[in-house]
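Just entry24.tsv here, TSV, C-alpha atoms:
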chain	number	residue	atom	x	y	z
A	1325	MET	CA	16.93	-6.83	-51.05
A	1326	GLU	CA	15.76	-10.35	-50.18
A	1327	GLU	CA	17.58	-13.41	-48.87
A	1328	SER	CA	15.83	-16.81	-48.67
A	1329	GLY	CA	12.49	-15.05	-49.03
A	1330	VAL	CA	13.17	-12.70	-46.11
A	1331	THR	CA	13.38	-8.94	-46.54
A	1332	ILE	CA	16.75	-7.65	-45.41
A	1333	SER	CA	16.73	-4.83	-42.85
A	1334	THR	CA	19.54	-2.60	-41.71
A	1335	ARG	CA	21.47	-4.86	-39.41
A	1336	PRO	CA	22.29	-3.71	-35.89
A	1337	LEU	CA	25.69	-2.09	-35.50
A	1338	LYS	CA	26.12	-3.71	-32.10
A	1339	VAL	CA	24.76	-6.74	-30.28
A	1340	ILE	CA	25.14	-7.13	-26.50
A	1341	THR	CA	25.27	-10.78	-25.46
A	1342	GLY	CA	25.32	-12.93	-22.35
A	1343	ALA	CA	24.41	-16.43	-21.21
A	1344	ASP	CA	24.26	-18.77	-18.25
A	1345	SER	CA	26.28	-21.99	-18.15
A	1346	PHE	CA	23.60	-23.96	-20.04
A	1347	GLY	CA	23.48	-21.43	-22.87
A	1348	CYS	CA	27.15	-20.45	-23.03
A	1349	PRO	CA	28.31	-22.86	-25.82
A	1350	LEU	CA	25.44	-21.74	-28.06
A	1351	LYS	CA	26.06	-18.09	-27.27
A	1352	ASP	CA	29.75	-18.48	-28.16
A	1353	ALA	CA	28.85	-20.01	-31.53
A	1354	LEU	CA	26.47	-17.14	-32.29
A	1355	VAL	CA	29.03	-14.55	-31.22
A	1356	SER	CA	31.47	-16.03	-33.73
A	1357	HIS	CA	28.81	-15.85	-36.41
A	1358	LEU	CA	27.98	-12.22	-35.60
A	1359	ARG	CA	31.64	-11.26	-35.82
A	1360	SER	CA	31.94	-13.02	-39.17
A	1361	LEU	CA	29.20	-10.64	-40.36
A	1362	ASN	CA	31.29	-7.66	-39.15
A	1363	ILE	CA	28.71	-6.85	-36.46
A	1364	ASP	CA	30.15	-5.34	-33.28
A	1365	VAL	CA	29.59	-7.62	-30.30
A	1366	GLU	CA	29.84	-6.77	-26.61
A	1367	ASP	CA	30.04	-10.15	-24.90
A	1368	LEU	CA	29.22	-9.90	-21.18
A	1369	GLY	CA	30.25	-13.50	-20.67
A	1370	THR	CA	28.63	-16.11	-18.46
A	1371	SER	CA	26.74	-15.69	-15.19
A	1372	SER	CA	23.47	-16.73	-13.59
A	1373	TYR	CA	20.67	-16.49	-16.13
A	1374	TYR	CA	18.77	-13.82	-14.21
A	1375	SER	CA	21.69	-11.49	-13.58
A	1376	ILE	CA	23.23	-11.76	-17.07
A	1377	ALA	CA	19.86	-11.35	-18.81
A	1378	ALA	CA	18.99	-8.39	-16.59
A	1379	GLU	CA	22.28	-6.69	-17.47
A	1380	VAL	CA	21.74	-7.22	-21.21
A	1381	GLY	CA	18.18	-5.94	-20.81
A	1382	ARG	CA	19.34	-2.89	-18.85
A	1383	ARG	CA	21.87	-1.91	-21.50
A	1384	VAL	CA	19.49	-2.44	-24.42
A	1385	SER	CA	16.85	-0.48	-22.52
A	1386	ALA	CA	19.21	2.44	-22.05
A	1387	ALA	CA	19.80	2.51	-25.80
A	1388	ASN	CA	16.13	2.19	-26.71
A	1389	THR	CA	14.28	4.45	-24.26
A	1390	THR	CA	15.78	7.72	-25.47
A	1391	SER	CA	13.15	7.62	-28.22
A	1392	PRO	CA	10.49	5.13	-27.05
A	1393	SER	CA	8.32	5.43	-30.17
A	1394	SER	CA	11.27	4.46	-32.38
A	1395	PRO	CA	13.55	1.85	-30.74
A	1396	SER	CA	17.09	2.12	-32.02
A	1397	PRO	CA	18.00	-0.35	-34.79
A	1398	GLU	CA	21.65	-0.01	-33.85
A	1399	ILE	CA	21.83	-1.88	-30.54
A	1400	ARG	CA	20.14	-5.19	-29.82
A	1401	GLY	CA	20.66	-8.03	-27.35
A	1402	LEU	CA	21.25	-11.77	-27.51
A	1403	VAL	CA	20.77	-14.00	-24.45
A	1404	ALA	CA	20.91	-17.74	-23.95
A	1405	CYS	CA	20.09	-20.21	-21.19
A	1406	GLY	CA	18.92	-23.82	-21.04
A	1407	THR	CA	15.41	-23.13	-22.32
A	1408	GLY	CA	15.70	-19.53	-23.48
A	1409	CYS	CA	12.68	-18.67	-21.33
A	1410	GLY	CA	14.33	-17.47	-18.12
A	1411	VAL	CA	16.67	-15.04	-19.87
A	1412	SER	CA	13.76	-13.70	-21.91
A	1413	ILE	CA	11.72	-13.00	-18.77
A	1414	PHE	CA	14.51	-11.14	-17.00
A	1415	ALA	CA	15.58	-9.11	-20.04
A	1416	ASN	CA	11.96	-8.02	-20.45
A	1417	LYS	CA	11.93	-6.41	-16.99
A	1418	PHE	CA	13.26	-3.22	-18.56
A	1419	PRO	CA	11.21	-0.67	-20.53
A	1420	GLY	CA	11.88	-0.57	-24.25
A	1421	VAL	CA	13.09	-4.17	-24.31
A	1422	PHE	CA	11.12	-6.65	-26.43
A	1423	ALA	CA	12.76	-10.02	-25.78
A	1424	SER	CA	11.44	-13.22	-27.37
A	1425	THR	CA	12.44	-16.86	-27.09
A	1426	CYS	CA	12.84	-18.31	-30.60
A	1427	LEU	CA	13.19	-22.03	-31.33
A	1428	THR	CA	12.80	-21.81	-35.10
A	1429	PRO	CA	13.63	-19.29	-37.83
A	1430	ALA	CA	9.86	-18.76	-38.26
A	1431	ASP	CA	9.66	-17.67	-34.60
A	1432	ALA	CA	12.38	-15.10	-35.25
A	1433	ILE	CA	10.70	-13.74	-38.38
A	1434	ASN	CA	7.35	-13.47	-36.59
A	1435	THR	CA	8.69	-11.71	-33.51
A	1436	ARG	CA	10.72	-9.22	-35.55
A	1437	SER	CA	7.74	-8.47	-37.78
A	1438	ILE	CA	5.07	-8.27	-35.09
A	1439	ASN	CA	6.93	-7.27	-31.90
A	1440	ASN	CA	9.96	-5.41	-33.26
A	1441	CYS	CA	11.92	-7.79	-31.01
A	1442	ASN	CA	15.28	-6.30	-30.03
A	1443	VAL	CA	16.56	-9.06	-27.72
A	1444	LEU	CA	16.80	-12.60	-29.07
A	1445	ALA	CA	16.63	-15.42	-26.52
A	1446	VAL	CA	17.77	-18.90	-27.53
A	1447	SER	CA	17.77	-22.35	-25.93
A	1448	GLY	CA	21.08	-24.06	-25.32
A	1449	MET	CA	19.37	-27.39	-24.57
A	1450	SER	CA	16.93	-27.49	-27.50
A	1451	THR	CA	18.74	-25.76	-30.35
A	1452	THR	CA	21.78	-26.89	-32.33
A	1453	PRO	CA	24.37	-24.27	-33.38
A	1454	GLU	CA	23.34	-24.73	-37.03
A	1455	THR	CA	19.67	-24.05	-36.30
A	1456	ALA	CA	20.58	-21.20	-33.96
A	1457	ILE	CA	22.54	-19.51	-36.75
A	1458	GLU	CA	19.50	-19.79	-39.02
A	1459	ILE	CA	17.37	-18.25	-36.26
A	1460	LEU	CA	19.90	-15.47	-35.74
A	1461	ASP	CA	20.08	-14.65	-39.46
A	1462	ALA	CA	16.29	-14.50	-39.71
A	1463	TRP	CA	16.18	-12.23	-36.67
A	1464	LEU	CA	18.91	-9.95	-38.04
A	1465	ASN	CA	17.41	-9.69	-41.51
A	1466	THR	CA	13.70	-9.24	-40.82
A	1467	PRO	CA	12.40	-5.68	-40.46
A	1468	PHE	CA	9.42	-4.64	-38.37
A	1469	LYS	CA	6.06	-5.27	-40.12
A	1470	ALA	CA	7.63	-7.49	-42.80
A	1471	PRO	CA	5.47	-10.27	-44.28
A	1472	CYS	CA	5.91	-13.28	-42.01
A	1473	PRO	CA	4.57	-16.78	-41.38
A	1474	ALA	CA	1.89	-15.35	-39.07
A	1475	SER	CA	0.53	-13.32	-42.02
A	1476	ASN	CA	1.08	-16.13	-44.54
A	1477	PHE	CA	3.82	-13.87	-45.91
A	1478	ALA	CA	1.20	-11.39	-47.10
A	1479	PRO	CA	1.51	-7.66	-46.35
A	1480	TRP	CA	-0.24	-6.53	-43.19
A	1481	SER	CA	-3.65	-4.91	-43.63
A	1482	GLU	CA	-3.93	-1.18	-42.99
A	1483	ASP	CA	-5.70	-1.75	-39.65
A	1484	LEU	CA	-3.11	-4.24	-38.38
A	1485	SER	CA	-0.26	-2.09	-39.64
A	1486	SER	CA	-1.64	0.87	-37.67
A	1487	PHE	CA	-2.04	-1.37	-34.59
A	1488	LEU	CA	1.58	-2.48	-34.81
A	1489	ASP	CA	2.79	1.11	-35.18
A	1490	LYS	CA	0.88	2.14	-32.04
A	1491	SER	CA	2.35	-0.78	-30.14
A	1492	LEU	CA	5.80	0.78	-30.49
A	1493	ILE	CA	4.54	3.81	-28.58
A	1494	GLU	CA	2.65	1.94	-25.85
A	1495	MET	CA	4.92	-1.05	-25.16
A	1496	PRO	CA	8.02	0.89	-24.03
A	1497	LYS	CA	5.89	2.62	-21.38
A	1498	ILE	CA	5.40	-0.69	-19.57
A	1499	GLY	CA	7.75	-0.78	-16.61
A	1500	GLY	CA	8.67	2.88	-16.92
A	1501	LYS	CA	7.73	5.82	-14.73
A	1502	ASP	CA	4.15	7.05	-14.86
A	1503	GLU	CA	4.82	10.78	-14.93
A	1504	SER	CA	1.12	11.56	-14.63
A	1505	LYS	CA	1.18	10.08	-11.11
A	1506	GLU	CA	4.53	11.35	-9.91
A	1507	ASN	CA	3.19	14.69	-8.69
A	1508	LEU	CA	0.12	13.27	-6.98
A	1509	THR	CA	0.12	13.62	-3.21
A	1510	PRO	CA	-0.53	10.21	-1.66
A	1511	CYS	CA	-3.50	10.00	0.68
A	1512	ALA	CA	-2.17	10.00	4.24
A	1513	LEU	CA	-5.07	7.87	5.46
A	1514	CYS	CA	-4.75	5.28	2.70
A	1515	CYS	CA	-1.03	4.99	3.44
A	1516	LEU	CA	-1.91	3.87	6.96
A	1517	THR	CA	-3.48	0.67	5.58
A	1518	LYS	CA	-0.57	-0.28	3.36
A	1519	ASN	CA	0.96	-3.61	4.39
A	1520	ARG	CA	-1.14	-3.71	7.56
A	1521	LYS	CA	-2.99	-6.86	8.57
A	1522	LEU	CA	-6.31	-6.07	10.22
A	1523	ASP	CA	-7.56	-8.21	13.10
A	1524	PRO	CA	-11.12	-9.63	13.11
A	1525	ILE	CA	-13.67	-7.92	15.35
A	1526	ASP	CA	-14.99	-10.98	17.16
A	1527	MET	CA	-18.03	-9.15	18.53
A	1528	ILE	CA	-19.27	-8.09	15.06
A	1529	PRO	CA	-19.14	-10.61	12.18
A	1530	GLY	CA	-17.65	-9.27	8.95
A	1531	GLY	CA	-15.56	-6.60	10.65
A	1532	SER	CA	-11.82	-6.19	11.14
A	1533	MET	CA	-9.74	-3.44	12.68
A	1534	LYS	CA	-6.17	-2.32	13.29
A	1535	ILE	CA	-5.41	0.20	16.04
A	1536	VAL	CA	-2.78	2.64	14.76
A	1537	ARG	CA	-2.65	4.83	17.87
A	1538	GLU	CA	-3.74	4.42	21.51
A	1539	SER	CA	-5.64	7.03	23.57
A	1540	PRO	CA	-6.76	9.11	21.81
A	1541	THR	CA	-7.38	6.09	19.65
A	1542	SER	CA	-7.05	5.95	15.86
A	1543	ALA	CA	-7.86	2.88	13.80
A	1544	ILE	CA	-8.46	1.53	10.32
A	1545	VAL	CA	-11.70	-0.46	10.11
A	1546	ARG	CA	-13.09	-2.70	7.38
A	1547	PHE	CA	-16.48	-4.35	7.01
A	1548	LYS	CA	-17.67	-6.79	4.36
A	1549	ALA	CA	-20.72	-5.98	2.25
A	1550	GLY	CA	-23.96	-6.86	4.06
A	1551	SER	CA	-22.45	-6.57	7.54
A	1552	VAL	CA	-24.47	-4.93	10.32
A	1553	GLU	CA	-23.31	-3.24	13.51
A	1554	PRO	CA	-26.09	-3.59	16.09
A	1555	ALA	CA	-27.04	-0.49	18.07
A	1556	HIS	CA	-24.18	0.47	20.37
A	1557	HIS	CA	-22.45	3.46	21.93
A	1558	HIS	CA	-18.98	4.53	23.05
A	1559	THR	CA	-17.79	6.53	26.02
A	1560	PHE	CA	-15.99	8.95	23.73
A	1561	GLY	CA	-17.09	10.69	20.56
A	1562	HIS	CA	-15.50	9.63	17.28
A	1563	ASP	CA	-14.73	11.07	13.86
A	1564	LEU	CA	-14.63	8.87	10.77
A	1565	VAL	CA	-13.77	9.28	7.10
A	1566	VAL	CA	-14.87	6.69	4.52
A	1567	MET	CA	-12.00	5.60	2.25
A	1568	LYS	CA	-13.81	2.86	0.33
A	1569	GLY	CA	-17.35	1.55	-0.07
A	1570	ARG	CA	-20.74	2.73	1.23
A	1571	LYS	CA	-22.46	2.55	4.61
A	1572	ARG	CA	-25.54	3.89	6.39
A	1573	VAL	CA	-25.55	5.09	9.99
A	1574	TRP	CA	-28.69	5.47	12.11
A	1575	ASN	CA	-28.17	7.75	15.14
A	1576	LEU	CA	-30.93	6.41	17.39
A	1577	SER	CA	-30.32	9.04	20.04
A	1578	LYS	CA	-30.94	11.94	17.65
A	1579	LYS	CA	-33.34	10.19	15.23
A	1580	VAL	CA	-31.20	10.99	12.18
A	1581	LYS	CA	-29.57	8.79	9.56
A	1582	TYR	CA	-26.65	9.27	7.20
A	1583	ASP	CA	-25.58	7.66	3.95
A	1584	LEU	CA	-21.79	7.77	3.75
A	1585	ASN	CA	-19.73	7.20	0.59
A	1586	VAL	CA	-16.02	7.55	-0.25
A	1587	GLY	CA	-14.67	10.82	1.18
A	1588	ASP	CA	-17.62	11.46	3.52
A	1589	TYR	CA	-17.00	12.48	7.14
A	1590	LEU	CA	-19.15	11.92	10.22
A	1591	PHE	CA	-18.78	12.83	13.90
A	1592	THR	CA	-20.78	10.85	16.47
A	1593	PRO	CA	-20.79	12.27	20.03
A	1594	GLY	CA	-19.93	10.08	22.99
A	1595	GLY	CA	-22.94	8.21	24.35
A	1596	ASP	CA	-24.99	8.50	21.15
A	1597	VAL	CA	-26.51	5.12	20.28
A	1598	HIS	CA	-26.03	4.26	16.61
A	1599	ARG	CA	-26.63	1.33	14.25
A	1600	VAL	CA	-24.74	0.72	10.96
A	1601	LYS	CA	-25.27	-1.25	7.75
A	1602	TYR	CA	-22.62	-1.80	5.05
A	1603	PHE	CA	-23.86	-1.98	1.44
A	1604	GLU	CA	-20.41	-2.64	-0.05
A	1605	ASP	CA	-17.02	-3.78	1.20
A	1606	THR	CA	-16.14	-0.67	3.17
A	1607	GLU	CA	-13.01	0.76	4.73
A	1608	PHE	CA	-12.77	3.84	6.92
A	1609	PHE	CA	-10.46	5.71	9.26
A	1610	ILE	CA	-11.86	6.40	12.73
A	1611	LYS	CA	-10.57	8.44	15.67
A	1612	TRP	CA	-11.97	8.39	19.21
A	1613	GLU	CA	-11.46	11.29	21.61
A	1614	GLY	CA	-10.22	8.84	24.22
A	1615	GLN	CA	-9.76	5.09	24.55
A	1616	TRP	CA	-11.76	2.76	22.35
A	1617	ASP	CA	-14.65	0.93	23.98
A	1618	ILE	CA	-18.03	-0.38	22.85
A	1619	PHE	CA	-21.32	-1.07	24.65
A	1620	PHE	CA	-24.07	-2.95	22.79
A	1621	ASP	CA	-27.66	-1.79	23.11
A	1622	GLU	CA	-29.30	-4.60	21.12
A	1623	GLU	CA	-28.62	-8.06	19.71
A	1624	LEU	CA	-27.38	-8.52	16.14
A	1625	GLU	CA	-30.50	-10.35	14.93
A	1626	VAL	CA	-32.70	-7.65	16.40
A	1627	ALA	CA	-30.68	-5.02	14.57
A	1628	LYS	CA	-31.04	-6.86	11.24
A	1629	ALA	CA	-34.80	-7.16	11.70
A	1630	LYS	CA	-35.19	-3.48	12.53
A	1631	ILE	CA	-33.13	-2.44	9.50
A	1632	GLU	CA	-35.43	-4.48	7.27
A	1633	GLU	CA	-38.48	-2.89	8.88
A	1634	GLU	CA	-37.04	0.59	8.34
A	1635	GLU	CA	-36.61	0.26	4.58
A	1636	GLY	CA	-39.69	2.48	4.24
A	1637	GLU	CA	-40.56	5.66	6.12
A	1638	ASP	CA	-39.18	5.26	9.63
A	1639	GLY	CA	-39.49	8.74	11.13
A	1640	PHE	CA	-35.75	9.45	10.99
A	1641	GLU	CA	-34.49	12.71	9.57
A	1642	TRP	CA	-32.32	11.97	6.51
A	1643	ILE	CA	-28.99	13.82	6.60
A	1644	LYS	CA	-27.11	13.80	3.29

C-alpha cells encoding of this file:
Amino acid sequence: MEESGVTISTRPLKVITGADSFGCPLKDALVSHLRSLNIDVEDLGTSSYYSIAAEVGRRVSAANTTSPSSPSPEIRGLVACGTGCGVSIFANKFPGVFASTCLTPADAINTRSINNCNVLAVSGMSTTPETAIEILDAWLNTPFKAPCPASNFAPWSEDLSSFLDKSLIEMPKIGGKDESKENLTPCALCCLTKNRKLDPIDMIPGGSMKIVRESPTSAIVRFKAGSVEPAHHHTFGHDLVVMKGRKRVWNLSKKVKYDLNVGDYLFTPGGDVHRVKYFEDTEFFIKWEGQWDIFFDEELEVAKAKIEEEEGEDGFEWIK
C-alpha cells in the first residue's frame, strides 16, 4: 500500500515519548496525533533533555537488543528538545537505538530507509506542529530499505541493499559488551600505568618515570623514540619488561648487547655499566633490588656519537 508516494510499513504498536521544556508543546501535539492513529503511547513527560532522552533510549534499547539483527518494529521512541540534536545524542547512547533528528519529511523517509531509525528526534524551536505531523507520518510509514529521496526514489542496488542489511547486525553492537574481551585477563603491569601521570626525568631528555613502590623500587618508565641513555650504572641490579616499543641495551661491562621488543625481559646486575637507545616510543616496567639511584659514566653527546660509530661491527656479543 502507498500513501503520498511512500510505502506503508507495519506501524509500531507502541511509541515511548519524552521531551524537555523546549520540545514539550511539539511532543504533546505529536502524542495526540499518534493516539488518533490508535498507536499506543507511553508518555514519560517532561524533564531535562539528557535525562528524558536517555530514559527513552534505555527503554527502546531494552526492546530492540533481544534480537540485535532484527530490531523490533513494535516499539519505537519519540523525543523532542529545542533543536532535536541533544535528545538524539543521548538516546543514541544505548545499543540498538538508531535515533535521528529530522527537520523535514524527506529526512524521516531517508533515515527510516537507510538507518532503520527507531527513535525520532524533532525540534521544538524549528518545526511547526503541522510540519512535525508530516515528519511523523513519513517516519511511521516508511519501511527499512524503501525507495527514498537519497536514492532518487529508485530501489536500492543489490550491493547497497546487502550493505544496509549488514548494518543492522553491526550497528547494535556499538555500545554493547564485547564478549570476546570479557574473559581476557588484564595485564597487571599495564594496569599500573592507567591514569598515572609520569614525571620527566630531568637528567635524560625524552624520558619520564613514575615510582610505584619504594625500596625495593618499582617504576613505570617511558622514553620517546630517538632518546638515548648515556652509559650509567646503579648500585642495585634491576629487572625490566618491555610493554611497548623497541630499545637496544649495550652492557659495556660484559661487552654484550640486547634488542628488546614488547614482552622481552632483561636483568642487569648492580654496577654493570650500560647504554640504551630507543627506536620507538617505549614503555617498560622496571624493578630495582633496592633503592633507585643512577651514576653517569659518560656525557649524553659522547653516548650518541659512540652509538653512531657502533652501527657496524663493534666487538659486542649480540644476545637475542

Exercise. For each of A:Ser1385, A:Thr1466, A:Gln1615, A:Ser1485, take the minimum atom-to-atom distance to Ile1340 (chain A), counting all atoms listed in the file, then give the residue where this is smallest.
Key: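 Between A:Ser1385, A:Thr1466, A:Gln1615, A:Ser1485, the residue approaching Ile1340 (chain A) most closely is A:Ser1385.
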
Quiz item: Near Asp1367 (chain A), within 12 Å and counting all atoms listed in the file, which residues show up once chain neighbours fewer than 5 positions away are dropped, as a PyMOL selection string?
Solution: chain A and resi 1338-1343+1348+1351-1356+1358-1359+1376-1377+1379-1380+1401-1404

Quiz item: Could you state the separation of CA of Gly1448 (chain A) and CA of Pro1473 (chain A) in Å, given to one decimal place?
Solution: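 Separation of CA of Gly1448 (chain A) and CA of Pro1473 (chain A): 24.2 Å.
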
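When only C-alpha atoms are used to measure the gap to Gly1406 (chain A), the shortest distance among A:Leu1464, A:Leu1624, A:Val1566, A:Met1449 belongs to A:Met1449.
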
Quiz item: Quick one, how far is CA of Glu1623 (chain A) from CA of Lys1579 (chain A)?
Solution: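 A separation of 19.4 Å between them.
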
Quiz item: From the set A:Val1573, A:Ala1629, A:Ala1543, A:Ile1438, which residue has the shortest atom-to-atom contact distance to Phe1609 (chain A), counting all atoms listed in the file?
Solution: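 Answer, going by the shortest atom-to-atom distance: A:Ala1543.
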
Quiz item: CA of Pro1554 (chain A) to CA of Lys1601 (chain A): how many Å, to one decimal?
Solution: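 Between CA of Pro1554 (chain A) and CA of Lys1601 (chain A) the gap is 8.7 Å.
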
Quiz item: With all atoms listed in the file as the atoms that count, which of A:His1558, A:Glu1613, A:Lys1534, A:Lys1469 lies nearest to Ser1491 (chain A)?
Solution: A:Lys1469

Quiz item: If we count only C-alpha atoms, what is near Arg1382 (chain A) at a cut-off of 9 Å, once residues fewer than 6 positions away on the same chain are taken out, given as a PyMOL selection string?
Solution: chain A and resi 1415+1417-1419+1421

Quiz item: Of the residues A:Ile1544, A:Val1580, A:Ile1525, A:Val1446, which is the one nearest to Phe1346 (chain A), using all atoms listed in the file?
Solution: A:Val1446

Practice problem: Using only C-alpha atoms, determine which residues lie at most 6 Å from Leu1576 (chain A), disregarding the query and same-chain residues fewer than 2 positions distant; provide the list as a PyMOL selection string. | Solution: chain A and resi 1574+1578-1579+1597-1598

Practice problem: Please provide as JSON, numbers by chain all residues within 7 Å of Ile1459 (chain A), with the sequence filter that same-chain residues fewer than 3 positions apart are discarded (counting only C-alpha atoms). | Solution: {"A": [1428, 1429, 1432, 1455, 1456, 1462, 1463]}

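The nearest approach to Leu1337 (chain A) among the residues A:Phe1620, A:Glu1398, A:Ser1372, A:Val1600, with all atoms listed in the file taken into account, belongs to A:Glu1398.
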